[in-house]
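Text of the file upload-v2.txt, holding compact mmCIF, C-alpha atoms and all ligand atoms:
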# COMPACT_ATOMS: atom_id res chain seq x y z
CA MET L 20 -2.78 12.54 -27.72
CA ASN L 21 -2.30 12.58 -23.97
CA PHE L 22 -0.61 9.63 -22.27
CA ASP L 23 -0.87 11.08 -18.75
CA LEU L 24 -3.29 9.35 -16.40
CA ASP L 25 -5.85 11.59 -14.70
CA LYS L 26 -5.40 12.61 -11.09
CA GLU L 27 -8.20 10.19 -10.10
CA HIS L 28 -6.45 7.27 -11.81
CA ASN L 29 -3.24 8.03 -9.96
CA LEU L 30 -5.12 8.31 -6.67
CA ILE L 31 -6.78 4.94 -7.21
CA ARG L 32 -3.42 3.38 -8.03
CA GLU L 33 -1.88 4.82 -4.84
CA LYS L 34 -4.83 3.73 -2.69
CA VAL L 35 -4.93 0.15 -4.01
CA ARG L 36 -1.13 -0.20 -3.98
CA LEU L 37 -1.02 0.78 -0.31
CA PHE L 38 -3.79 -1.68 0.55
CA ALA L 39 -2.16 -4.47 -1.48
CA GLU L 40 1.25 -3.89 0.07
CA GLN L 41 -0.04 -3.61 3.64
CA GLU L 42 -2.84 -6.17 3.73
CA ILE L 43 -2.41 -8.71 0.93
CA LYS L 44 1.33 -9.04 0.44
CA PRO L 45 2.11 -10.28 3.98
CA ALA L 46 -0.81 -12.76 3.97
CA ALA L 47 -0.47 -14.10 0.42
CA PRO L 48 2.27 -16.75 0.86
CA LEU L 49 0.49 -18.64 3.66
CA LEU L 50 -2.94 -18.40 2.02
CA ASP L 51 -1.37 -19.81 -1.15
CA GLU L 52 0.42 -22.56 0.76
CA ASN L 53 -2.76 -23.60 2.62
CA GLU L 54 -5.12 -23.06 -0.37
CA THR L 55 -7.26 -20.74 1.72
CA PHE L 56 -9.77 -18.23 0.34
CA SER L 57 -9.75 -15.28 2.74
CA VAL L 58 -13.23 -13.99 3.54
CA ASP L 59 -11.61 -11.33 5.70
CA LEU L 60 -9.45 -9.87 2.91
CA THR L 61 -12.33 -10.12 0.45
CA LYS L 62 -14.52 -8.06 2.78
CA LYS L 63 -11.68 -5.57 3.18
CA MET L 64 -11.48 -5.21 -0.61
CA GLY L 65 -15.20 -4.50 -0.53
CA LYS L 66 -14.80 -1.89 2.21
CA LEU L 67 -12.13 -0.17 0.15
CA GLY L 68 -14.74 0.20 -2.61
CA LEU L 69 -13.14 -2.18 -5.11
CA PHE L 70 -16.31 -4.16 -5.84
CA GLY L 71 -18.62 -2.65 -8.42
CA MET L 72 -16.17 0.22 -8.88
CA ASP L 73 -17.39 1.02 -12.36
CA ILE L 74 -21.11 0.82 -11.70
CA PRO L 75 -23.20 3.81 -10.59
CA GLU L 76 -23.33 4.94 -6.99
CA LYS L 77 -27.08 4.41 -6.82
CA TYR L 78 -26.45 0.64 -6.89
CA GLY L 79 -23.59 0.83 -4.38
CA GLY L 80 -20.68 1.26 -6.79
CA LEU L 81 -18.19 4.11 -7.11
CA GLY L 82 -19.18 5.15 -10.62
CA THR L 83 -15.59 5.16 -11.91
CA ASP L 84 -14.53 4.52 -15.49
CA THR L 85 -13.21 1.18 -16.74
CA LEU L 86 -9.57 2.30 -16.59
CA SER L 87 -9.83 2.96 -12.84
CA TYR L 88 -11.12 -0.55 -12.24
CA ILE L 89 -8.41 -2.03 -14.47
CA ILE L 90 -5.72 -0.14 -12.55
CA ALA L 91 -7.12 -1.60 -9.31
CA VAL L 92 -6.89 -5.17 -10.68
CA GLU L 93 -3.37 -4.46 -11.97
CA GLU L 94 -2.27 -3.21 -8.54
CA LEU L 95 -3.61 -6.29 -6.74
CA ALA L 96 -1.96 -8.58 -9.31
CA ARG L 97 1.32 -6.73 -8.73
CA VAL L 98 1.39 -8.38 -5.31
CA ASP L 99 -0.85 -11.47 -5.63
CA GLY L 100 -2.75 -13.29 -8.40
CA SER L 101 -5.38 -14.96 -6.22
CA HIS L 102 -6.80 -11.74 -4.78
CA ALA L 103 -6.71 -10.05 -8.17
CA ALA L 104 -8.67 -13.06 -9.50
CA THR L 105 -11.33 -12.72 -6.80
CA LEU L 106 -11.77 -9.04 -7.66
CA ALA L 107 -11.67 -9.50 -11.44
CA ALA L 108 -14.14 -12.40 -11.48
CA HIS L 109 -16.55 -10.75 -9.06
CA ASN L 110 -16.59 -7.41 -10.89
CA SER L 111 -16.40 -8.48 -14.53
CA LEU L 112 -18.23 -11.81 -14.43
CA GLY L 113 -20.37 -11.53 -11.29
CA ILE L 114 -21.56 -7.92 -11.00
CA GLY L 115 -21.07 -6.95 -14.67
CA PRO L 116 -23.83 -9.04 -16.30
CA VAL L 117 -26.32 -8.27 -13.50
CA TYR L 118 -25.72 -4.55 -14.02
CA ASN L 119 -25.64 -4.69 -17.83
CA TYR L 120 -28.64 -6.97 -18.39
CA GLY L 121 -30.60 -7.03 -15.12
CA THR L 122 -34.03 -5.48 -14.66
CA GLU L 123 -34.24 -2.52 -12.28
CA GLU L 124 -35.67 -4.91 -9.69
CA GLN L 125 -32.79 -7.37 -10.08
CA LYS L 126 -30.19 -4.60 -9.85
CA LYS L 127 -31.75 -3.22 -6.67
CA LYS L 128 -32.03 -6.69 -5.18
CA TYR L 129 -28.50 -7.94 -5.87
CA LEU L 130 -26.05 -5.13 -6.54
CA PRO L 131 -25.88 -3.26 -3.19
CA SER L 132 -24.67 -6.29 -1.21
CA LEU L 133 -22.39 -7.42 -4.06
CA CYS L 134 -20.71 -4.00 -4.00
CA THR L 135 -19.89 -4.10 -0.29
CA GLY L 136 -18.00 -7.40 -0.38
CA GLU L 137 -20.48 -8.97 2.06
CA ALA L 138 -21.51 -11.23 -0.82
CA ILE L 139 -19.93 -12.28 -4.11
CA TRP L 140 -21.42 -13.62 -7.34
CA ALA L 141 -20.11 -16.08 -9.93
CA PHE L 142 -20.51 -16.65 -13.67
CA GLY L 143 -21.10 -20.28 -14.65
CA LEU L 144 -20.31 -21.00 -18.25
CA THR L 145 -17.64 -23.72 -18.46
CA GLU L 146 -18.68 -27.38 -18.26
CA PRO L 147 -16.66 -30.59 -18.13
CA ASP L 148 -17.20 -31.10 -21.89
CA ALA L 149 -17.55 -27.45 -22.91
CA GLY L 150 -14.55 -25.17 -22.36
CA SER L 151 -13.31 -23.22 -25.37
CA ASP L 152 -16.46 -24.37 -27.14
CA ALA L 153 -18.65 -22.80 -24.46
CA LEU L 154 -21.76 -23.08 -26.60
CA GLY L 155 -21.33 -26.83 -26.48
CA CYS L 156 -22.75 -26.66 -22.95
CA LYS L 157 -25.30 -29.26 -21.94
CA THR L 158 -26.87 -27.70 -18.84
CA LYS L 159 -30.57 -27.44 -19.65
CA ALA L 160 -33.37 -25.31 -18.31
CA GLU L 161 -37.06 -25.80 -19.05
CA LEU L 162 -39.71 -23.20 -18.44
CA ASN L 163 -42.74 -24.73 -16.79
CA ASP L 164 -45.63 -22.81 -15.28
CA GLY L 165 -43.55 -19.66 -14.62
CA LYS L 166 -40.60 -21.61 -13.24
CA TRP L 167 -37.24 -22.66 -14.68
CA ILE L 168 -36.14 -26.22 -13.95
CA ILE L 169 -32.36 -26.46 -14.33
CA ASP L 170 -30.32 -29.65 -14.70
CA GLY L 171 -26.61 -29.97 -15.38
CA SER L 172 -23.19 -29.08 -14.06
CA LYS L 173 -20.43 -26.46 -14.37
CA ILE L 174 -16.74 -26.65 -13.61
CA PHE L 175 -13.87 -24.24 -12.76
CA ILE L 176 -16.22 -21.51 -11.55
CA THR L 177 -14.51 -18.68 -9.68
CA ASN L 178 -16.21 -17.38 -6.50
CA GLY L 179 -18.85 -20.14 -6.53
CA ALA L 180 -18.36 -21.96 -3.25
CA SER L 181 -16.99 -19.69 -0.52
CA ASP L 182 -18.95 -18.79 2.63
CA ILE L 183 -19.84 -15.42 1.12
CA SER L 184 -20.81 -16.72 -2.35
CA ALA L 185 -24.38 -15.59 -2.87
CA GLY L 186 -25.12 -17.24 -6.19
CA VAL L 187 -24.30 -17.62 -9.86
CA THR L 188 -25.38 -16.49 -13.31
CA VAL L 189 -25.67 -19.76 -15.19
CA LEU L 190 -25.82 -20.26 -18.94
CA ALA L 191 -28.29 -22.98 -19.92
CA VAL L 192 -29.72 -24.42 -23.12
CA THR L 193 -33.39 -23.45 -23.16
CA GLY L 194 -34.53 -24.67 -26.56
CA GLU L 195 -33.73 -24.77 -30.24
CA ASN L 196 -34.27 -22.23 -33.01
CA GLU L 197 -33.92 -23.26 -36.66
CA GLY L 198 -31.61 -26.13 -35.68
CA LYS L 199 -29.50 -23.90 -33.42
CA LYS L 200 -29.40 -24.19 -29.62
CA GLU L 201 -31.05 -21.34 -27.75
CA PHE L 202 -29.24 -20.13 -24.61
CA THR L 203 -30.58 -18.19 -21.64
CA ALA L 204 -28.76 -16.73 -18.65
CA LEU L 205 -30.40 -17.46 -15.28
CA LEU L 206 -29.72 -16.14 -11.78
CA VAL L 207 -29.48 -18.90 -9.19
CA GLU L 208 -29.14 -17.98 -5.53
CA LYS L 209 -27.18 -20.03 -3.04
CA GLY L 210 -29.58 -22.06 -0.92
CA THR L 211 -31.91 -22.80 -3.84
CA LYS L 212 -33.01 -26.44 -3.59
CA GLY L 213 -31.13 -28.60 -6.09
CA TYR L 214 -28.18 -26.19 -6.41
CA SER L 215 -24.87 -27.17 -4.84
CA ALA L 216 -21.31 -25.85 -5.11
CA LYS L 217 -18.11 -27.61 -4.12
CA GLU L 218 -14.68 -26.05 -3.85
CA LEU L 219 -12.04 -27.55 -6.17
CA LYS L 220 -8.72 -28.11 -4.42
CA GLY L 221 -5.29 -28.91 -5.80
CA LYS L 222 -4.71 -25.99 -8.17
CA MET L 223 -1.20 -25.10 -9.28
CA MET L 224 -2.03 -21.38 -9.27
CA TRP L 225 -4.47 -18.87 -7.74
CA ARG L 226 -4.50 -21.21 -4.79
CA ALA L 227 -6.10 -18.62 -2.49
CA SER L 228 -8.97 -17.97 -4.88
CA ASP L 229 -12.22 -19.92 -4.75
CA THR L 230 -12.68 -22.25 -7.75
CA SER L 231 -15.67 -24.54 -7.66
CA SER L 232 -17.77 -27.12 -9.43
CA LEU L 233 -21.53 -26.55 -9.49
CA ARG L 234 -24.44 -28.96 -9.79
CA PHE L 235 -28.05 -28.30 -10.70
CA ASP L 236 -30.37 -31.23 -9.96
CA ASN L 237 -33.97 -30.40 -10.69
CA CYS L 238 -33.12 -26.91 -9.45
CA ILE L 239 -36.14 -24.60 -9.63
CA VAL L 240 -35.95 -20.80 -9.90
CA PRO L 241 -38.75 -18.35 -10.74
CA GLU L 242 -39.06 -17.00 -14.29
CA GLU L 243 -38.19 -13.53 -12.90
CA ASN L 244 -34.63 -14.88 -12.45
CA THR L 245 -34.09 -14.72 -16.20
CA LEU L 246 -31.20 -12.32 -16.89
CA GLY L 247 -31.97 -10.29 -19.99
CA VAL L 248 -34.50 -12.09 -22.15
CA LYS L 249 -34.99 -15.74 -23.01
CA GLY L 250 -32.62 -16.61 -25.85
CA GLN L 251 -30.18 -13.76 -25.16
CA GLY L 252 -27.75 -15.99 -23.25
CA SER L 253 -25.04 -16.37 -25.88
CA SER L 254 -24.79 -12.63 -26.57
CA ILE L 255 -24.69 -11.92 -22.81
CA MET L 256 -21.87 -14.45 -22.54
CA LEU L 257 -19.84 -13.00 -25.44
CA ARG L 258 -20.14 -9.42 -24.23
CA THR L 259 -19.34 -10.41 -20.66
CA LEU L 260 -16.16 -12.11 -21.86
CA ASP L 261 -15.14 -9.01 -23.88
CA ASN L 262 -15.29 -7.07 -20.60
CA GLY L 263 -13.73 -9.85 -18.55
CA ARG L 264 -10.71 -10.11 -20.84
CA LEU L 265 -9.69 -6.58 -19.92
CA SER L 266 -9.39 -7.68 -16.30
CA ILE L 267 -7.38 -10.81 -17.16
CA ALA L 268 -5.10 -8.55 -19.20
CA ALA L 269 -4.75 -6.29 -16.13
CA MET L 270 -3.76 -9.34 -14.12
CA GLY L 271 -1.06 -10.12 -16.69
CA LEU L 272 0.23 -6.57 -16.66
CA GLY L 273 0.27 -6.40 -12.84
CA CYS L 274 1.89 -9.82 -12.49
CA ALA L 275 4.60 -8.86 -15.00
CA ARG L 276 5.20 -5.54 -13.24
CA GLY L 277 5.51 -7.20 -9.82
CA ALA L 278 7.90 -9.85 -11.17
CA TYR L 279 10.00 -7.21 -12.96
CA GLU L 280 10.29 -5.08 -9.82
CA MET L 281 11.41 -8.10 -7.80
CA ALA L 282 14.00 -9.01 -10.45
CA LEU L 283 15.26 -5.43 -10.70
CA SER L 284 15.70 -5.12 -6.96
CA TYR L 285 17.33 -8.56 -6.62
CA SER L 286 19.74 -7.93 -9.51
CA ARG L 287 21.03 -4.80 -7.79
CA LYS L 288 21.64 -6.62 -4.50
CA ARG L 289 22.92 -10.01 -5.63
CA LYS L 290 26.68 -10.02 -6.11
CA GLN L 291 28.66 -12.55 -8.12
CA PHE L 292 32.20 -12.24 -9.44
CA GLY L 293 32.59 -9.26 -7.17
CA LYS L 294 29.77 -7.12 -8.56
CA ALA L 295 25.98 -6.78 -8.63
CA ILE L 296 24.54 -9.11 -11.30
CA ALA L 297 22.65 -6.10 -12.78
CA GLY L 298 26.09 -5.00 -13.95
CA PHE L 299 26.32 -7.96 -16.35
CA GLN L 300 24.97 -7.08 -19.75
CA ALA L 301 23.19 -10.44 -20.01
CA ILE L 302 21.07 -9.52 -16.96
CA ALA L 303 20.67 -5.83 -17.86
CA PHE L 304 19.32 -6.79 -21.31
CA LYS L 305 16.79 -9.15 -19.72
CA LEU L 306 15.60 -6.24 -17.57
CA ALA L 307 15.43 -3.99 -20.65
CA ASP L 308 13.28 -6.54 -22.52
CA MET L 309 11.01 -6.94 -19.50
CA ALA L 310 10.53 -3.17 -19.18
CA LEU L 311 9.78 -2.89 -22.91
CA LYS L 312 7.14 -5.63 -22.82
CA ILE L 313 5.44 -4.09 -19.76
CA GLU L 314 5.35 -0.69 -21.45
CA LEU L 315 3.77 -2.13 -24.60
CA ALA L 316 1.29 -4.23 -22.63
CA GLY L 317 0.17 -1.20 -20.57
CA ASN L 318 -0.30 0.96 -23.67
CA LEU L 319 -2.38 -1.70 -25.42
CA LEU L 320 -4.57 -2.41 -22.39
CA TYR L 321 -5.14 1.23 -21.47
CA LYS L 322 -6.10 1.97 -25.08
CA ALA L 323 -8.67 -0.85 -24.99
CA CYS L 324 -10.10 0.68 -21.77
CA TRP L 325 -10.15 4.10 -23.41
CA LEU L 326 -12.13 2.69 -26.34
CA LYS L 327 -14.66 1.14 -23.94
CA ASP L 328 -14.91 4.30 -21.84
CA ASN L 329 -15.57 6.30 -25.01
CA ASN L 330 -18.34 3.93 -26.08
CA ARG L 331 -16.28 2.65 -29.00
CA GLU L 332 -16.04 -0.97 -30.14
CA PHE L 333 -13.32 -2.68 -28.11
CA ALA L 334 -13.76 -6.46 -28.58
CA LYS L 335 -10.70 -6.90 -30.82
CA GLU L 336 -8.49 -4.73 -28.58
CA SER L 337 -9.77 -6.56 -25.52
CA ALA L 338 -8.73 -9.92 -27.04
CA MET L 339 -5.38 -8.43 -28.12
CA SER L 340 -4.75 -7.06 -24.62
CA LYS L 341 -5.67 -10.35 -22.97
CA LEU L 342 -3.42 -12.28 -25.32
CA TYR L 343 -0.43 -9.95 -25.12
CA CYS L 344 -0.54 -9.14 -21.40
CA SER L 345 -0.96 -12.80 -20.43
CA GLU L 346 1.86 -13.94 -22.72
CA ILE L 347 4.31 -11.28 -21.54
CA ALA L 348 3.41 -12.23 -17.94
CA ARG L 349 4.75 -15.69 -18.74
CA GLU L 350 7.90 -14.34 -20.38
CA VAL L 351 8.61 -11.75 -17.69
CA THR L 352 8.05 -14.08 -14.73
CA ASP L 353 10.21 -16.71 -16.42
CA GLU L 354 13.11 -14.27 -16.82
CA ALA L 355 12.53 -12.95 -13.30
CA VAL L 356 12.99 -16.48 -11.94
CA GLN L 357 16.15 -16.80 -14.07
CA ILE L 358 17.53 -13.60 -12.55
CA HIS L 359 16.83 -14.96 -9.05
CA GLY L 360 18.80 -18.11 -9.83
CA GLY L 361 18.21 -21.00 -7.42
CA TYR L 362 16.54 -18.71 -4.87
CA GLY L 363 13.79 -18.03 -7.41
CA LEU L 364 12.75 -21.65 -7.19
CA MET L 365 12.14 -21.55 -3.45
CA LYS L 366 8.66 -21.08 -1.98
CA SER L 367 10.11 -18.59 0.49
CA ASN L 368 10.46 -16.19 -2.45
CA ASP L 369 7.32 -14.48 -3.88
CA ILE L 370 8.60 -14.88 -7.44
CA GLU L 371 7.96 -18.63 -7.20
CA ARG L 372 4.24 -17.93 -6.65
CA PHE L 373 4.14 -15.38 -9.48
CA TYR L 374 5.70 -17.94 -11.82
CA ARG L 375 2.85 -20.37 -11.04
CA ASP L 376 0.05 -17.79 -10.94
CA GLN L 377 0.75 -16.36 -14.39
CA ARG L 378 0.12 -19.73 -16.04
CA MET L 379 -3.63 -19.43 -15.68
CA LEU L 380 -3.73 -16.17 -17.61
CA GLN L 381 -3.10 -17.86 -20.96
CA ILE L 382 -6.02 -20.25 -20.30
CA GLY L 383 -8.89 -18.52 -18.43
CA GLU L 384 -11.61 -16.54 -20.25
CA GLY L 385 -10.46 -17.94 -23.57
CA THR L 386 -7.08 -19.54 -24.17
CA SER L 387 -4.33 -17.82 -26.16
CA GLU L 388 -5.34 -19.95 -29.14
CA ILE L 389 -8.94 -18.74 -28.87
CA GLN L 390 -7.80 -15.09 -28.55
CA ARG L 391 -5.89 -15.50 -31.84
CA LEU L 392 -9.06 -16.96 -33.36
CA ILE L 393 -11.10 -13.95 -32.18
CA ILE L 394 -8.51 -11.42 -33.40
CA SER L 395 -8.16 -13.12 -36.78
CA ARG L 396 -11.94 -13.17 -37.21
CA HIS L 397 -12.07 -9.42 -36.54
CA ILE L 398 -9.29 -8.82 -39.06
CA LEU L 399 -10.65 -11.14 -41.75
CA ASN L 400 -14.25 -9.95 -41.39
CA LYS L 401 -12.99 -6.48 -42.22
CA MET L 402 -11.44 -7.60 -45.51
C1 LIG L 501 -8.84 -21.39 -12.00
C2 LIG L 501 -9.88 -21.31 -13.07
C3 LIG L 501 -10.92 -20.39 -12.96
C4 LIG L 501 -11.93 -20.33 -13.93
N1 LIG L 501 -13.01 -19.50 -13.75
C5 LIG L 501 -14.08 -19.62 -14.57
C6 LIG L 501 -15.32 -18.94 -14.28
O1 LIG L 501 -15.43 -18.18 -13.30
N2 LIG L 501 -16.39 -19.16 -15.09
C7 LIG L 501 -16.32 -19.99 -16.17
O2 LIG L 501 -17.34 -20.16 -16.84
N3 LIG L 501 -15.16 -20.63 -16.49
C8 LIG L 501 -14.05 -20.48 -15.72
N4 LIG L 501 -12.89 -21.15 -16.00
C9 LIG L 501 -12.82 -21.97 -17.21
C10 LIG L 501 -11.88 -21.45 -18.28
O3 LIG L 501 -12.43 -20.31 -18.89
C11 LIG L 501 -11.60 -22.61 -19.25
O4 LIG L 501 -10.69 -23.47 -18.58
C12 LIG L 501 -11.03 -22.15 -20.57
O5 LIG L 501 -12.00 -21.46 -21.31
C13 LIG L 501 -10.50 -23.32 -21.42
O6 LIG L 501 -11.40 -24.37 -21.48
P1 LIG L 501 -10.88 -25.88 -21.16
O7 LIG L 501 -10.11 -25.81 -19.89
O8 LIG L 501 -12.03 -26.79 -21.22
O9 LIG L 501 -9.85 -26.21 -22.33
P2 LIG L 501 -10.22 -26.78 -23.79
O10 LIG L 501 -11.26 -25.95 -24.42
O11 LIG L 501 -10.45 -28.25 -23.69
O12 LIG L 501 -8.84 -26.52 -24.56
C14 LIG L 501 -7.73 -27.42 -24.52
C15 LIG L 501 -6.70 -26.92 -25.54
O13 LIG L 501 -7.27 -26.98 -26.86
C16 LIG L 501 -7.17 -25.71 -27.48
N5 LIG L 501 -8.33 -25.49 -28.38
C17 LIG L 501 -9.63 -25.71 -28.12
N6 LIG L 501 -10.38 -25.34 -29.16
C18 LIG L 501 -9.54 -24.85 -30.10
C19 LIG L 501 -9.69 -24.28 -31.41
N7 LIG L 501 -10.90 -24.13 -31.97
N8 LIG L 501 -8.59 -23.89 -32.08
C20 LIG L 501 -7.36 -24.03 -31.52
N9 LIG L 501 -7.14 -24.54 -30.29
C21 LIG L 501 -8.21 -24.94 -29.59
C22 LIG L 501 -7.16 -24.71 -26.33
O14 LIG L 501 -6.60 -23.49 -26.72
C23 LIG L 501 -6.31 -25.47 -25.31
O15 LIG L 501 -4.96 -25.29 -25.60
C24 LIG L 501 -11.85 -21.16 -15.07
C25 LIG L 501 -10.76 -22.06 -15.21
C26 LIG L 501 -9.81 -22.17 -14.22
C27 LIG L 501 -8.71 -23.18 -14.39

Would you mind giving the structure from this file in structure tokens?
Ligand SMILES: Cc1cc2nc3c(=O)[nH]c(=O)nc-3n(C[C@H](O)[C@H](O)[C@H](O)COP(=O)(O)OP(=O)(O)OC[C@H]3O[C@@H](n4cnc5c(N)ncnc54)[C@H](O)[C@@H]3O)c2cc1C
Amino acid sequence: MNFDLDKEHNLIREKVRLFAEQEIKPAAPLLDENETFSVDLTKKMGKLGLFGMDIPEKYGGLGTDTLSYIIAVEELARVDGSHAATLAAHNSLGIGPVYNYGTEEQKKKYLPSLCTGEAIWAFGLTEPDAGSDALGCKTKAELNDGKWIIDGSKIFITNGASDISAGVTVLAVTGENEGKKEFTALLVEKGTKGYSAKELKGKMMWRASDTSSLRFDNCIVPEENTLGVKGQGSSIMLRTLDNGRLSIAAMGLGCARGAYEMALSYSRKRKQFGKAIAGFQAIAFKLADMALKIELAGNLLYKACWLKDNNREFAKESAMSKLYCSEIAREVTDEAVQIHGGYGLMKSNDIERFYRDQRMLQIGEGTSEIQRLIISRHILNKM
């Protein structure tokens, strides 16, 4: 067994860390305060090669492995959740399904611009009445004379409404088979008549990421916009979420690491009772527990990436990573705020933003309860 990262992984970490520290860290507090999605920083992430990292160069990607991409998300999350969310959603939910299920024509049409950061793509699954129970979705599409007519709405869709949003992969009910709903994934481009996207404001966390509600009113797209085949929608959705959970886990790991580093540094500087608070065992033990959780989370997540990169089944490990990394992000940021005392509650301190941003990680792409359901099903099905 070799726990050392390859030279390329370390280089990617260094490159993304430098970018995150220089470009994102100084801008993040104000973007968060003003709830502003930065087109400029998104394009810079694209220029750095972070979009479509793990897809082949012939479509505009870098052709890296999954672990490289996950390290990139982790490094962005180490300084800011919103920008990590933009990257994770665009790569795992936007580009991923188009690459994995698209025809050669669709890949050539969409992927090159999506890999540069000039355009981003969303994944529309959640609806007002269908969250954890995603297959309870009501958005319908009817095939008529070579055209899909889509009606319905989606909510909480990342990267759906910004100026550079180019479109969405939408899951729609397209019929019934033996009493069961049939689902199909459809590509809908921005500007299509009957399709509209509106930015949702007022989030507690990821305030500089673009979250939107989408509407489809008699929205017509050609049959060629079917992603995969008719009826394959639910399996596309499940597989896409297996991949996406790795990136949410990376956000948890990065968020925890960033919070831990802030707490470590603060505890060495802050003096009470005549000495640095790190010198009190109560604080030192908190730091020890934080370091332990981060170590375990990293090992679990990197193993899940290794399984995927070696073409092994990774759905259970992906759910475990998402669950564990997101839950330790909550625990670590909470203790990091505690170590900062009253200063940790002030907006002028980055830890305050981390404390809010981590909260999403136990909800998005399947709540912690749903991850436990998935893991238990994997375990029990094996019995
Ligand atoms: C900022 C943001 C970005 C998002 N981005 C996207 C996106 O890009 N694309 C997309 O499609 N969706 C997106 N989502 C939606 C997200 O995936 C859902 O919010 C999530 O799946 C939970 O659904 P819900 O909010 O409807 O909660 P609900 O499903 O209503 O759950 C409410 C509570 O009930 C619990 N619960 C539900 N069912 C069960 C069960 N069977 N057993 C035990 N407990 C259960 C849940 O765990 C939770 O605690 C985003 C959400 C947010 C807030």

Between L:Cys344, L:Ile382, L:Cys156, L:Leu81, which one has atoms that come closest to Glu201 in chain L, using all atoms listed in the file? L:Cys156

Can you tell me, as an NGL selection string, what residues are no more than 6 Å from Asp229 in chain L when counting only C-alpha atoms, ignoring any on the same chain fewer than 2 positions away? :L and (56 or 177-178)

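Selecting by distance to (-18.6, -6.1, -2.8) with a limit of 8 Å and using only C-alpha atoms, one obtains Lys62, Met64, Gly65, Lys66, Gly68, Leu69, Phe70, Gly71, Pro131, Ser132, Leu133, Cys134, Thr135, Gly136, Glu137, Ala138 and Ile139 of chain L.
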
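Of the listed residues L:Tyr78, L:Phe38, L:Phe142, L:Tyr120, the one whose atoms come nearest to ligand LIG 501 (chain L) is L:Phe142, with distances taken using only C-alpha atoms and all ligand atoms.
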
Would you mind telling me which residue in L:Ala301, L:Leu233, L:Ala310, L:Ile358 lies nearest to ligand LIG 501 (chain L) when using all atoms listed in the file? L:Leu233

Given all atoms listed in the file as the basis, pick out the residue of L:Lys126, L:Lys249, L:His109, L:Lys335 nearest to ligand LIG 501 (chain L). L:His109

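A straight line drawn from CA of Glu208 in chain L to atom O10 of ligand LIG 501 (chain L) is 27.2 Å long.
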
Could you report the residues within 6 Å of ligand LIG 501 (chain L), using all atoms listed in the file, as JSON, numbers by chain? {"L": [142, 143, 144, 145, 149, 150, 151, 175, 176, 177, 230, 382, 383, 384, 385, 386, 388, 389]}

Within 12 Å of Lys44 in chain L, counting all atoms listed in the file, which residues qualify if same-chain residues fewer than 2 places away don't, as a PDB file with C-alpha atoms, keeping the file's coordinate frame?
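As a result, part.pdb now contains:
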ATOM      1  CA  VAL L  35      -4.930   0.150  -4.010  1.00  0.00           C
ATOM      2  CA  ARG L  36      -1.130  -0.200  -3.980  1.00  0.00           C
ATOM      3  CA  LEU L  37      -1.020   0.780  -0.310  1.00  0.00           C
ATOM      4  CA  PHE L  38      -3.790  -1.680   0.550  1.00  0.00           C
ATOM      5  CA  ALA L  39      -2.160  -4.470  -1.480  1.00  0.00           C
ATOM      6  CA  GLU L  40       1.250  -3.890   0.070  1.00  0.00           C
ATOM      7  CA  GLN L  41      -0.040  -3.610   3.640  1.00  0.00           C
ATOM      8  CA  GLU L  42      -2.840  -6.170   3.730  1.00  0.00           C
ATOM      9  CA  ALA L  46      -0.810 -12.760   3.970  1.00  0.00           C
ATOM     10  CA  ALA L  47      -0.470 -14.100   0.420  1.00  0.00           C
ATOM     11  CA  PRO L  48       2.270 -16.750   0.860  1.00  0.00           C
ATOM     12  CA  LEU L  49       0.490 -18.640   3.660  1.00  0.00           C
ATOM     13  CA  LEU L  50      -2.940 -18.400   2.020  1.00  0.00           C
ATOM     14  CA  ASP L  51      -1.370 -19.810  -1.150  1.00  0.00           C
ATOM     15  CA  LEU L  60      -9.450  -9.870   2.910  1.00  0.00           C
ATOM     16  CA  GLU L  94      -2.270  -3.210  -8.540  1.00  0.00           C
ATOM     17  CA  LEU L  95      -3.610  -6.290  -6.740  1.00  0.00           C
ATOM     18  CA  ALA L  96      -1.960  -8.580  -9.310  1.00  0.00           C
ATOM     19  CA  ARG L  97       1.320  -6.730  -8.730  1.00  0.00           C
ATOM     20  CA  VAL L  98       1.390  -8.380  -5.310  1.00  0.00           C
ATOM     21  CA  ASP L  99      -0.850 -11.470  -5.630  1.00  0.00           C
ATOM     22  CA  GLY L 100      -2.750 -13.290  -8.400  1.00  0.00           C
ATOM     23  CA  SER L 101      -5.380 -14.960  -6.220  1.00  0.00           C
ATOM     24  CA  HIS L 102      -6.800 -11.740  -4.780  1.00  0.00           C
ATOM     25  CA  ALA L 103      -6.710 -10.050  -8.170  1.00  0.00           C
ATOM     26  CA  GLY L 277       5.510  -7.200  -9.820  1.00  0.00           C
ATOM     27  CA  ASN L 368      10.460 -16.190  -2.450  1.00  0.00           C
ATOM     28  CA  ASP L 369       7.320 -14.480  -3.880  1.00  0.00           C
ATOM     29  CA  ARG L 372       4.240 -17.930  -6.650  1.00  0.00           C
TER      30      ARG L 372
END

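CA of Ala355 in chain L to CA of Leu219 in chain L spans 29.5 Å [interatomic distance, one decimal].
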